[in-house]
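Structure file target.cif; described as mmCIF, C-alpha atoms.
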data_upload
#
loop_
_atom_site.label_atom_id
_atom_site.label_comp_id
_atom_site.auth_asym_id
_atom_site.auth_seq_id
_atom_site.Cartn_x
_atom_site.Cartn_y
_atom_site.Cartn_z
CA MET A 1 78.61 -10.96 114.05
CA SER A 2 80.17 -8.16 112.09
CA GLY A 3 77.59 -7.99 109.33
CA THR A 4 79.66 -9.25 106.39
CA ARG A 5 77.92 -11.20 103.66
CA GLY A 6 78.73 -14.02 101.34
CA GLY A 7 81.26 -15.87 103.50
CA GLY A 8 84.15 -13.70 102.35
CA ARG A 9 83.19 -13.86 98.67
CA ALA A 10 83.85 -10.73 96.65
CA GLY A 11 82.00 -9.51 93.64
CA ALA A 12 78.40 -9.67 92.48
CA PRO A 13 76.45 -12.90 92.94
CA ARG A 14 76.61 -15.28 90.01
CA SER A 15 73.72 -17.38 88.82
CA SER A 16 74.02 -21.02 87.84
CA GLY A 17 73.24 -22.54 84.49
CA GLY A 18 74.03 -19.42 82.52
CA GLU A 19 70.89 -17.65 83.72
CA GLY A 20 70.75 -13.89 83.99
CA PRO A 21 70.94 -11.91 87.22
CA PRO A 22 68.26 -12.61 89.83
CA ARG A 23 65.00 -10.74 89.55
CA ALA A 24 64.48 -7.75 91.80
CA GLY A 25 61.93 -9.56 93.98
CA ALA A 26 64.13 -12.60 94.50
CA GLU A 27 67.14 -10.40 95.16
CA LEU A 28 65.23 -8.39 97.77
CA LEU A 29 64.01 -11.59 99.41
CA ARG A 30 67.55 -12.97 99.65
CA GLU A 31 68.96 -9.73 100.98
CA THR A 32 66.14 -9.45 103.53
CA GLY A 33 67.03 -12.94 104.76
CA ALA A 34 70.68 -11.98 105.03
CA GLU A 35 69.79 -8.77 106.86
CA TRP A 36 67.57 -10.66 109.28
CA VAL A 37 70.45 -13.01 110.07
CA ARG A 38 72.74 -10.03 110.65
CA GLN A 39 70.40 -8.09 112.93
CA SER A 40 69.02 -11.08 114.83
CA SER A 41 72.51 -12.42 115.55
CA LEU A 42 73.58 -9.21 117.29
CA ARG A 43 73.10 -9.25 121.06
CA SER A 44 72.63 -5.49 120.98
CA THR A 45 69.45 -5.90 118.93
CA TRP A 46 67.79 -8.08 121.55
CA ALA A 47 69.20 -5.98 124.37
CA VAL A 48 67.39 -2.93 122.96
CA VAL A 49 64.16 -4.94 122.56
CA ALA A 50 64.44 -6.18 126.16
CA VAL A 51 65.08 -2.65 127.45
CA ALA A 52 62.01 -1.37 125.60
CA LEU A 53 59.74 -4.04 127.07
CA ALA A 54 61.22 -3.77 130.56
CA GLY A 55 60.99 0.01 130.42
CA MET A 56 57.31 -0.14 129.50
CA ALA A 57 56.67 -2.65 132.31
CA VAL A 58 58.34 -0.45 134.93
CA PHE A 59 56.63 2.68 133.61
CA ALA A 60 53.24 0.94 133.64
CA ALA A 61 53.81 -0.27 137.20
CA LEU A 62 54.64 3.24 138.41
CA MET A 63 51.71 4.80 136.55
CA GLY A 64 49.41 1.97 137.60
CA TYR A 65 50.19 2.58 141.26
CA THR A 66 49.56 6.30 140.81
CA GLU A 67 46.28 5.59 139.00
CA LEU A 68 45.19 3.15 141.71
CA THR A 69 45.89 5.73 144.41
CA ARG A 70 43.81 8.27 142.53
CA ILE A 71 40.92 5.82 142.14
CA LEU A 72 40.97 4.85 145.81
CA GLU A 73 40.70 8.51 146.76
CA ASN A 74 37.82 9.02 144.34
CA PRO A 75 36.22 5.90 142.81
CA ASP A 76 34.51 8.05 140.18
CA GLU A 77 37.95 8.59 138.64
CA ALA A 78 38.06 4.98 137.39
CA ASP A 79 38.21 5.04 133.61
CA SER A 80 39.13 2.34 131.09
CA ALA A 81 40.71 5.05 128.92
CA ALA A 82 43.59 5.09 131.44
CA PHE A 83 45.03 1.99 129.77
CA MET A 84 45.45 3.74 126.42
CA ARG A 85 46.49 7.04 127.95
CA LEU A 86 49.24 5.55 130.08
CA THR A 87 50.61 3.12 127.49
CA SER A 88 50.76 5.97 124.98
CA GLN A 89 52.87 7.92 127.46
CA GLY A 90 55.18 4.91 127.77
CA HIS A 91 55.61 4.82 124.01
CA TYR A 92 56.26 8.55 123.80
CA TYR A 93 58.78 8.77 126.62
CA LEU A 94 60.50 5.39 126.31
CA VAL A 95 59.67 2.99 123.50
CA GLN A 96 60.10 5.33 120.54
CA PHE A 97 63.67 6.04 121.65
CA ALA A 98 64.41 2.32 121.86
CA VAL A 99 63.18 2.05 118.26
CA LEU A 100 65.46 4.95 117.35
CA VAL A 101 68.46 3.09 118.81
CA LEU A 102 67.38 -0.13 117.09
CA ALA A 103 67.27 1.60 113.69
CA ALA A 104 70.55 3.41 114.36
CA LEU A 105 72.29 0.11 115.16
CA ALA A 106 70.92 -1.51 112.01
CA SER A 107 71.74 1.35 109.64
CA THR A 108 75.15 2.50 110.89
CA GLY A 109 76.80 -0.67 112.21
CA GLU A 110 78.31 -1.80 108.92
CA PHE A 111 79.59 1.69 108.16
CA ALA A 112 81.33 1.80 111.53
CA ASN A 113 83.30 -1.43 110.98
CA GLN A 114 83.61 -1.04 107.18
CA SER A 115 81.93 -4.39 106.55
CA VAL A 116 79.49 -2.47 104.32
CA THR A 117 82.18 -2.78 101.62
CA SER A 118 81.69 -6.54 101.47
CA THR A 119 77.92 -6.15 101.58
CA LEU A 120 77.85 -3.81 98.60
CA LEU A 121 80.32 -5.90 96.63
CA TRP A 122 78.09 -8.91 97.07
CA ARG A 123 74.90 -6.92 96.46
CA PRO A 124 75.78 -4.09 94.02
CA ARG A 125 72.20 -2.79 93.88
CA ARG A 126 72.46 -0.50 96.85
CA GLU A 127 68.76 0.31 96.92
CA VAL A 128 68.09 -3.40 97.55
CA VAL A 129 70.38 -3.34 100.58
CA LEU A 130 68.61 -0.25 101.92
CA ALA A 131 65.17 -1.73 101.29
CA ALA A 132 66.04 -5.02 103.02
CA ARG A 133 67.57 -3.25 106.00
CA THR A 134 64.52 -1.04 106.29
CA LEU A 135 62.09 -3.97 106.08
CA VAL A 136 63.84 -5.92 108.82
CA SER A 137 64.17 -2.88 111.08
CA ALA A 138 60.51 -1.98 110.54
CA GLY A 139 59.43 -5.55 111.30
CA LEU A 140 61.36 -5.59 114.56
CA ALA A 141 60.00 -2.17 115.51
CA PHE A 142 56.44 -3.30 114.76
CA GLY A 143 56.92 -6.22 117.12
CA VAL A 144 58.33 -3.92 119.80
CA GLY A 145 55.37 -1.57 119.46
CA VAL A 146 52.78 -4.35 119.70
CA LEU A 147 54.46 -6.28 122.52
CA SER A 148 55.23 -3.21 124.62
CA THR A 149 51.58 -2.13 124.41
CA LEU A 150 50.39 -5.55 125.54
CA VAL A 151 52.97 -5.59 128.35
CA GLY A 152 51.87 -2.14 129.48
CA VAL A 153 48.17 -3.06 129.44
CA ALA A 154 48.86 -6.30 131.33
CA VAL A 155 50.84 -4.54 134.08
CA LEU A 156 48.28 -1.75 134.36
CA ALA A 157 45.50 -4.32 134.63
CA GLY A 158 47.13 -5.67 137.79
CA PHE A 159 46.48 -2.31 139.42
CA VAL A 160 43.38 -0.90 137.74
CA ALA A 161 41.39 -3.84 136.37
CA PRO A 162 39.31 -4.36 139.57
CA TYR A 163 37.97 -0.82 139.12
CA ALA A 164 38.05 -0.30 135.34
CA GLY A 165 37.96 -3.26 132.99
CA VAL A 166 40.19 -3.56 129.94
CA ASP A 167 38.45 -3.02 126.61
CA VAL A 168 40.16 -5.87 124.74
CA PRO A 169 39.28 -4.77 121.17
CA GLU A 170 40.47 -1.26 121.99
CA ALA A 171 43.71 -2.64 123.42
CA VAL A 172 44.33 -4.72 120.29
CA VAL A 173 43.70 -1.71 118.04
CA ALA A 174 46.04 0.39 120.20
CA ALA A 175 48.74 -2.29 120.02
CA LEU A 176 48.51 -2.49 116.22
CA GLY A 177 48.53 1.32 115.94
CA ALA A 178 51.62 1.55 118.13
CA GLY A 179 53.27 -1.19 116.09
CA LEU A 180 52.54 0.63 112.83
CA CYS A 181 53.87 3.93 114.17
CA MET A 182 57.03 2.33 115.60
CA ALA A 183 57.60 0.61 112.24
CA LEU A 184 57.37 3.96 110.48
CA PHE A 185 59.83 5.44 112.98
CA ALA A 186 62.21 2.60 112.11
CA VAL A 187 61.82 3.42 108.40
CA LEU A 188 62.53 7.06 109.18
CA PHE A 189 65.63 6.48 111.29
CA THR A 190 67.04 3.72 109.13
CA GLY A 191 67.00 6.33 106.39
CA VAL A 192 68.59 8.93 108.66
CA GLY A 193 71.28 6.50 109.80
CA THR A 194 72.10 5.45 106.25
CA ALA A 195 72.46 9.07 105.22
CA LEU A 196 74.53 10.15 108.23
CA ARG A 197 76.52 6.89 108.65
CA SER A 198 77.01 7.80 112.29
CA MET A 199 75.28 6.25 115.28
CA PRO A 200 75.80 9.24 117.63
CA GLY A 201 74.63 11.60 114.90
CA THR A 202 71.55 9.50 114.16
CA ILE A 203 70.55 9.19 117.82
CA THR A 204 71.13 12.90 118.45
CA LEU A 205 69.12 13.99 115.43
CA GLY A 206 66.41 11.46 116.27
CA PHE A 207 66.08 12.78 119.82
CA LEU A 208 65.78 16.33 118.52
CA VAL A 209 63.19 15.41 115.91
CA LEU A 210 61.08 13.28 118.26
CA LEU A 211 61.18 15.40 121.39
CA GLY A 212 63.60 18.32 121.56
CA LEU A 213 62.57 20.45 118.60
CA PRO A 214 58.80 20.03 119.07
CA MET A 215 59.12 21.14 122.71
CA VAL A 216 61.07 24.23 121.69
CA MET A 217 58.54 25.03 118.98
CA GLN A 218 55.68 24.77 121.46
CA LEU A 219 57.50 26.99 123.95
CA SER A 220 57.61 29.75 121.34
CA GLN A 221 53.95 30.54 122.12
CA VAL A 222 53.44 31.39 118.44
CA GLN A 223 50.30 29.68 117.16
CA ALA A 224 51.64 28.88 113.70
CA ILE A 225 54.87 27.41 115.09
CA GLY A 226 52.96 25.40 117.68
CA ASP A 227 50.69 23.99 114.98
CA ALA A 228 53.73 23.10 112.89
CA ALA A 229 55.22 21.25 115.88
CA SER A 230 52.22 18.91 115.85
CA LEU A 231 53.35 17.68 112.42
CA MET A 232 56.73 16.57 113.74
CA PRO A 233 56.92 12.77 113.80
CA GLY A 234 56.92 12.33 117.58
CA LEU A 235 53.82 14.42 118.27
CA ALA A 236 51.98 13.31 115.13
CA GLY A 237 52.75 9.71 116.06
CA VAL A 238 51.46 9.90 119.61
CA GLU A 239 48.25 11.50 118.41
CA PHE A 240 47.79 8.48 116.13
CA TYR A 241 48.65 5.58 118.42
CA ALA A 242 47.05 7.15 121.51
CA GLY A 243 43.70 7.31 119.74
CA GLY A 244 43.38 11.06 119.51
CA ASP A 245 42.00 12.71 122.66
CA VAL A 246 42.46 9.51 124.66
CA GLY A 247 46.11 10.46 124.84
CA PHE A 248 47.86 12.95 127.10
CA TYR A 249 48.49 15.26 124.15
CA THR A 250 45.84 16.74 121.86
CA ALA A 251 47.00 17.98 118.47
CA PRO A 252 45.27 20.79 116.59
CA TYR A 253 44.74 18.37 113.71
CA ASP A 254 42.58 15.26 114.00
CA GLY A 255 42.29 12.26 111.74
CA PRO A 256 44.59 10.67 109.15
CA VAL A 257 46.77 13.79 108.83
CA ASN A 258 48.77 12.60 111.84
CA ILE A 259 49.82 9.23 110.47
CA LEU A 260 50.30 10.82 107.03
CA ALA A 261 52.75 13.26 108.62
CA VAL A 262 54.79 10.34 110.00
CA VAL A 263 54.67 8.60 106.61
CA GLY A 264 55.89 11.80 104.95
CA TRP A 265 58.88 12.03 107.28
CA ALA A 266 59.71 8.37 106.69
CA VAL A 267 59.49 8.65 102.91
CA ALA A 268 61.61 11.81 102.87
CA ALA A 269 64.32 10.13 104.96
CA GLN A 270 64.35 7.13 102.65
CA ILE A 271 64.67 9.31 99.55
CA VAL A 272 67.63 11.15 101.07
CA ALA A 273 69.23 7.87 102.18
CA ARG A 274 68.82 6.22 98.79
CA THR A 275 70.26 9.25 96.99
CA GLU A 276 73.20 9.51 99.37
CA LEU A 277 73.89 5.78 99.20
CA ARG A 278 73.98 5.80 95.40
CA VAL A 279 76.13 8.88 94.85
CA ARG A 280 78.60 8.55 97.73
CA ASP A 281 81.50 6.11 97.77
CA VAL A 282 81.76 3.64 100.61
#

Would you encode the structure as structure tokens?
Amino acid sequence: MSGTRGGGRAGAPRSSGGEGPPRAGAELLRETGAEWVRQSSLRSTWAVVAVALAGMAVFAALMGYTELTRILENPDEADSAAFMRLTSQGHYYLVQFAVLVLAALASTGEFANQSVTSTLLWRPRREVVLAARTLVSAGLAFGVGVLSTLVGVAVLAGFVAPYAGVDVPEAVVAALGAGLCMALFAVLFTGVGTALRSMPGTITLGFLVLLGLPMVMQLSQVQAIGDAASLMPGLAGVEFYAGGDVGFYTAPYDGPVNILAVVGWAVAAQIVARTELRVRDV
């Protein structure tokens, strides 16, 4: 499906019975439905979701085997925190990049094939199109975050559960936290993709923001730069969904500042995207 709207109809939507234009809420609801149809009908969307879940399963199996070997050598090493630590690593090294690709596909696809022209003719309020696209992408990313956590915990349990039981409430909280963070990443990169209008550019910038630049900043060995790296979305995010020190990375800042940093990045990207979308011709 190419992403065109309105069955080939051009122009703004007309209301029946001489009524005025649809209210903003109704317009957003309709556009969100149209955007869901567009994204859910693309095989690439579900391919990315499948890769994210399969990647977490394979990662959890490899880490679970390693954890089991460590426990067998020293039973005192058994720790239920391993479930959250290892799934957080899976999110950081694999799942967040699947979400990046998912958002890049959603935000740049119509610009690549020029079907965005039809979309914006049918829905002249460009901020509504951006909001709907962001909502659908964030919803999909939330599902990926939650499901991948549950998949990772389930696979790890096959290796570690006989020695360290799963804390179910903790696993549920971790799954919801990962879902929230992945949804915010989708908001961030939907904004980036809308502003750049390029899938390669969006994925490249996303990789740098999530992993490349923070690593370089930490290698600088300058305390202030290293502390600033912890406020980049990738590191701030893992500190949030890994449950702080349960994770494999410990940031210099604890508490809500980490999720607020991710929110700040997401809001900034959306502001830039909305501005660019309104002032730039298709």

Leaving out range 71-76 of chain A and any residue of its chain fewer than 4 positions from it, which residues lie within 10 Å of it when counting only C-alpha atoms, given as a VMD selection string?
chain A and resid 65 to 67 160 163 to 164

Between CA of Ala103 in chain A and CA of Val216 in chain A, measure the distance and give it in Å to one decimal.
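Here the two named atoms are 24.8 Å from each other.
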
On this structure, which residues satisfy the PyMOL selection byres ((chain A and resi 40-53) around 8), written as a tab-separated table (two decimals) with C-alpha atoms, in the frame of the given file?
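Output file selection34.tsv follows:
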chain	number	residue	atom	x	y	z
A	1	MET	CA	78.61	-10.96	114.05
A	36	TRP	CA	67.57	-10.66	109.28
A	37	VAL	CA	70.45	-13.01	110.07
A	38	ARG	CA	72.74	-10.03	110.65
A	39	GLN	CA	70.40	-8.09	112.93
A	54	ALA	CA	61.22	-3.77	130.56
A	55	GLY	CA	60.99	0.01	130.42
A	56	MET	CA	57.31	-0.14	129.50
A	57	ALA	CA	56.67	-2.65	132.31
A	94	LEU	CA	60.50	5.39	126.31
A	95	VAL	CA	59.67	2.99	123.50
A	98	ALA	CA	64.41	2.32	121.86
A	101	VAL	CA	68.46	3.09	118.81
A	102	LEU	CA	67.38	-0.13	117.09
A	105	LEU	CA	72.29	0.11	115.16
A	144	VAL	CA	58.33	-3.92	119.80
A	147	LEU	CA	54.46	-6.28	122.52
A	148	SER	CA	55.23	-3.21	124.62
A	151	VAL	CA	52.97	-5.59	128.35

Phe185 in chain A surroundings by all atoms listed in the file, 10 Å radius, close-in-sequence under 2 positions cut, as a PyMOL selection string:
chain A and resi 96-97+99-100+103+137-138+141-142+179-183+187-191+206+210+233-234+237+262-263+265-266

What is the CA of Gln270 in chain A to CA of Thr202 in chain A distance in Å?
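A separation of 13.8 Å between them.
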
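You will find CA of Asp167 in chain A at 13.5 Å from CA of Gly243 in chain A.
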
Calculated over only C-alpha atoms, which of the candidates A:Ser230, A:Thr119, A:Gln223, A:Thr108 has the smallest distance to Tyr249 in chain A?
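Looking at the shortest contact to Tyr249 in chain A, the residue is A:Ser230.
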
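Considering the residues A:Gly143, A:Gly64, A:Pro169, A:Gly33 and counting all atoms listed in the file, Val155 in chain A has its shortest atom-to-atom contact with A:Gly64.
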
Among listed residues A:Val166, A:Ala251, A:Ala132, A:Ala104, nearest Met232 in chain A (using all atoms listed in the file)
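Once distances to Met232 in chain A are computed over all atoms listed in the file, the minimum belongs to A:Ala251.
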
For Ala178 in chain A, which of A:Ser198, A:His91, A:Ser107, A:Ala157 is the closest residue, counting all atoms listed in the file?
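Closest residue, counting all atoms listed in the file: A:His91.
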
Might you spell out which residues the PyMOL selection byres ((chain A and resi 280) around 12) would select in the displayed file, as a PyMOL selection string?
chain A and resi 126+194-197+272-279+281-282

May I have the residues from that selection written out with C-alpha atoms, as a PDB file, in the coordinates of the input?
ATOM      1  CA  ARG A 126      72.460  -0.500  96.850  1.00  0.00           C
ATOM      2  CA  THR A 194      72.100   5.450 106.250  1.00  0.00           C
ATOM      3  CA  ALA A 195      72.460   9.070 105.220  1.00  0.00           C
ATOM      4  CA  LEU A 196      74.530  10.150 108.230  1.00  0.00           C
ATOM      5  CA  ARG A 197      76.520   6.890 108.650  1.00  0.00           C
ATOM      6  CA  VAL A 272      67.630  11.150 101.070  1.00  0.00           C
ATOM      7  CA  ALA A 273      69.230   7.870 102.180  1.00  0.00           C
ATOM      8  CA  ARG A 274      68.820   6.220  98.790  1.00  0.00           C
ATOM      9  CA  THR A 275      70.260   9.250  96.990  1.00  0.00           C
ATOM     10  CA  GLU A 276      73.200   9.510  99.370  1.00  0.00           C
ATOM     11  CA  LEU A 277      73.890   5.780  99.200  1.00  0.00           C
ATOM     12  CA  ARG A 278      73.980   5.800  95.400  1.00  0.00           C
ATOM     13  CA  VAL A 279      76.130   8.880  94.850  1.00  0.00           C
ATOM     14  CA  ASP A 281      81.500   6.110  97.770  1.00  0.00           C
ATOM     15  CA  VAL A 282      81.760   3.640 100.610  1.00  0.00           C
TER      16      VAL A 282
END

If we count all atoms listed in the file, what is near Glu31 in chain A at a cut-off of 7 Å, once residues fewer than 3 positions away on the same chain are taken out, given as a list in words?
Glu27, Leu28, Ala34, Glu35, Val129 and Ala132 of chain A

Could you write those residues out with C-alpha atoms, as a compact mmCIF listing (two decimals), in the coordinates of the input?
# COMPACT_ATOMS: atom_id res chain seq x y z
CA GLU A 27 67.14 -10.40 95.16
CA LEU A 28 65.23 -8.39 97.77
CA ALA A 34 70.68 -11.98 105.03
CA GLU A 35 69.79 -8.77 106.86
CA VAL A 129 70.38 -3.34 100.58
CA ALA A 132 66.04 -5.02 103.02

Using the incomplete input, complete range 151-173 of chain A to the level of N, CA and C atoms; output as a PDB file, in the frame of the given file.
ATOM      1  N   VAL A 151      52.323  -5.531 127.033  1.00  0.00           N
ATOM      2  CA  VAL A 151      52.970  -5.590 128.350  1.00  0.00           C
ATOM      3  C   VAL A 151      52.449  -4.478 129.247  1.00  0.00           C
ATOM      4  N   GLY A 152      52.364  -3.264 128.695  1.00  0.00           N
ATOM      5  CA  GLY A 152      51.870  -2.140 129.480  1.00  0.00           C
ATOM      6  C   GLY A 152      50.444  -2.345 129.958  1.00  0.00           C
ATOM      7  N   VAL A 153      49.571  -2.827 129.064  1.00  0.00           N
ATOM      8  CA  VAL A 153      48.170  -3.060 129.440  1.00  0.00           C
ATOM      9  C   VAL A 153      48.085  -4.148 130.508  1.00  0.00           C
ATOM     10  N   ALA A 154      48.887  -5.208 130.361  1.00  0.00           N
ATOM     11  CA  ALA A 154      48.860  -6.300 131.330  1.00  0.00           C
ATOM     12  C   ALA A 154      49.293  -5.830 132.720  1.00  0.00           C
ATOM     13  N   VAL A 155      50.357  -5.038 132.784  1.00  0.00           N
ATOM     14  CA  VAL A 155      50.840  -4.540 134.080  1.00  0.00           C
ATOM     15  C   VAL A 155      49.818  -3.574 134.683  1.00  0.00           C
ATOM     16  N   LEU A 156      49.278  -2.692 133.872  1.00  0.00           N
ATOM     17  CA  LEU A 156      48.280  -1.750 134.360  1.00  0.00           C
ATOM     18  C   LEU A 156      47.043  -2.481 134.881  1.00  0.00           C
ATOM     19  N   ALA A 157      46.676  -3.563 134.206  1.00  0.00           N
ATOM     20  CA  ALA A 157      45.500  -4.320 134.630  1.00  0.00           C
ATOM     21  C   ALA A 157      45.664  -4.857 136.045  1.00  0.00           C
ATOM     22  N   GLY A 158      46.892  -5.180 136.430  1.00  0.00           N
ATOM     23  CA  GLY A 158      47.130  -5.670 137.790  1.00  0.00           C
ATOM     24  C   GLY A 158      46.773  -4.643 138.848  1.00  0.00           C
ATOM     25  N   PHE A 159      46.807  -3.365 138.478  1.00  0.00           N
ATOM     26  CA  PHE A 159      46.480  -2.310 139.420  1.00  0.00           C
ATOM     27  C   PHE A 159      45.043  -1.801 139.260  1.00  0.00           C
ATOM     28  N   VAL A 160      44.611  -1.643 138.021  1.00  0.00           N
ATOM     29  CA  VAL A 160      43.380  -0.900 137.740  1.00  0.00           C
ATOM     30  C   VAL A 160      42.203  -1.790 137.375  1.00  0.00           C
ATOM     31  N   ALA A 161      42.464  -3.002 136.888  1.00  0.00           N
ATOM     32  CA  ALA A 161      41.390  -3.840 136.370  1.00  0.00           C
ATOM     33  C   ALA A 161      40.225  -4.063 137.338  1.00  0.00           C
ATOM     34  N   PRO A 162      40.464  -4.179 138.674  1.00  0.00           N
ATOM     35  CA  PRO A 162      39.310  -4.360 139.570  1.00  0.00           C
ATOM     36  C   PRO A 162      38.345  -3.174 139.570  1.00  0.00           C
ATOM     37  N   TYR A 163      38.802  -2.024 139.086  1.00  0.00           N
ATOM     38  CA  TYR A 163      37.970  -0.820 139.120  1.00  0.00           C
ATOM     39  C   TYR A 163      37.559  -0.351 137.727  1.00  0.00           C
ATOM     40  N   ALA A 164      38.349  -0.681 136.729  1.00  0.00           N
ATOM     41  CA  ALA A 164      38.050  -0.300 135.340  1.00  0.00           C
ATOM     42  C   ALA A 164      38.535  -1.421 134.436  1.00  0.00           C
ATOM     43  N   GLY A 165      37.609  -2.120 133.817  1.00  0.00           N
ATOM     44  CA  GLY A 165      37.960  -3.260 132.990  1.00  0.00           C
ATOM     45  C   GLY A 165      38.680  -2.862 131.709  1.00  0.00           C
ATOM     46  N   VAL A 166      39.468  -3.794 131.190  1.00  0.00           N
ATOM     47  CA  VAL A 166      40.190  -3.560 129.940  1.00  0.00           C
ATOM     48  C   VAL A 166      39.246  -3.797 128.769  1.00  0.00           C
ATOM     49  N   ASP A 167      39.180  -2.845 127.863  1.00  0.00           N
ATOM     50  CA  ASP A 167      38.450  -3.020 126.610  1.00  0.00           C
ATOM     51  C   ASP A 167      39.392  -3.747 125.648  1.00  0.00           C
ATOM     52  N   VAL A 168      39.212  -5.051 125.502  1.00  0.00           N
ATOM     53  CA  VAL A 168      40.160  -5.870 124.740  1.00  0.00           C
ATOM     54  C   VAL A 168      40.268  -5.427 123.279  1.00  0.00           C
ATOM     55  N   PRO A 169      39.149  -5.241 122.554  1.00  0.00           N
ATOM     56  CA  PRO A 169      39.280  -4.770 121.170  1.00  0.00           C
ATOM     57  C   PRO A 169      40.035  -3.445 121.058  1.00  0.00           C
ATOM     58  N   GLU A 170      39.761  -2.545 121.996  1.00  0.00           N
ATOM     59  CA  GLU A 170      40.470  -1.260 121.990  1.00  0.00           C
ATOM     60  C   GLU A 170      41.958  -1.450 122.233  1.00  0.00           C
ATOM     61  N   ALA A 171      42.306  -2.369 123.136  1.00  0.00           N
ATOM     62  CA  ALA A 171      43.710  -2.640 123.420  1.00  0.00           C
ATOM     63  C   ALA A 171      44.417  -3.236 122.206  1.00  0.00           C
ATOM     64  N   VAL A 172      43.734  -4.116 121.485  1.00  0.00           N
ATOM     65  CA  VAL A 172      44.330  -4.720 120.290  1.00  0.00           C
ATOM     66  C   VAL A 172      44.552  -3.654 119.213  1.00  0.00           C
ATOM     67  N   VAL A 173      43.558  -2.797 119.025  1.00  0.00           N
ATOM     68  CA  VAL A 173      43.700  -1.710 118.040  1.00  0.00           C
ATOM     69  C   VAL A 173      44.858  -0.792 118.428  1.00  0.00           C
TER      70      VAL A 173
END
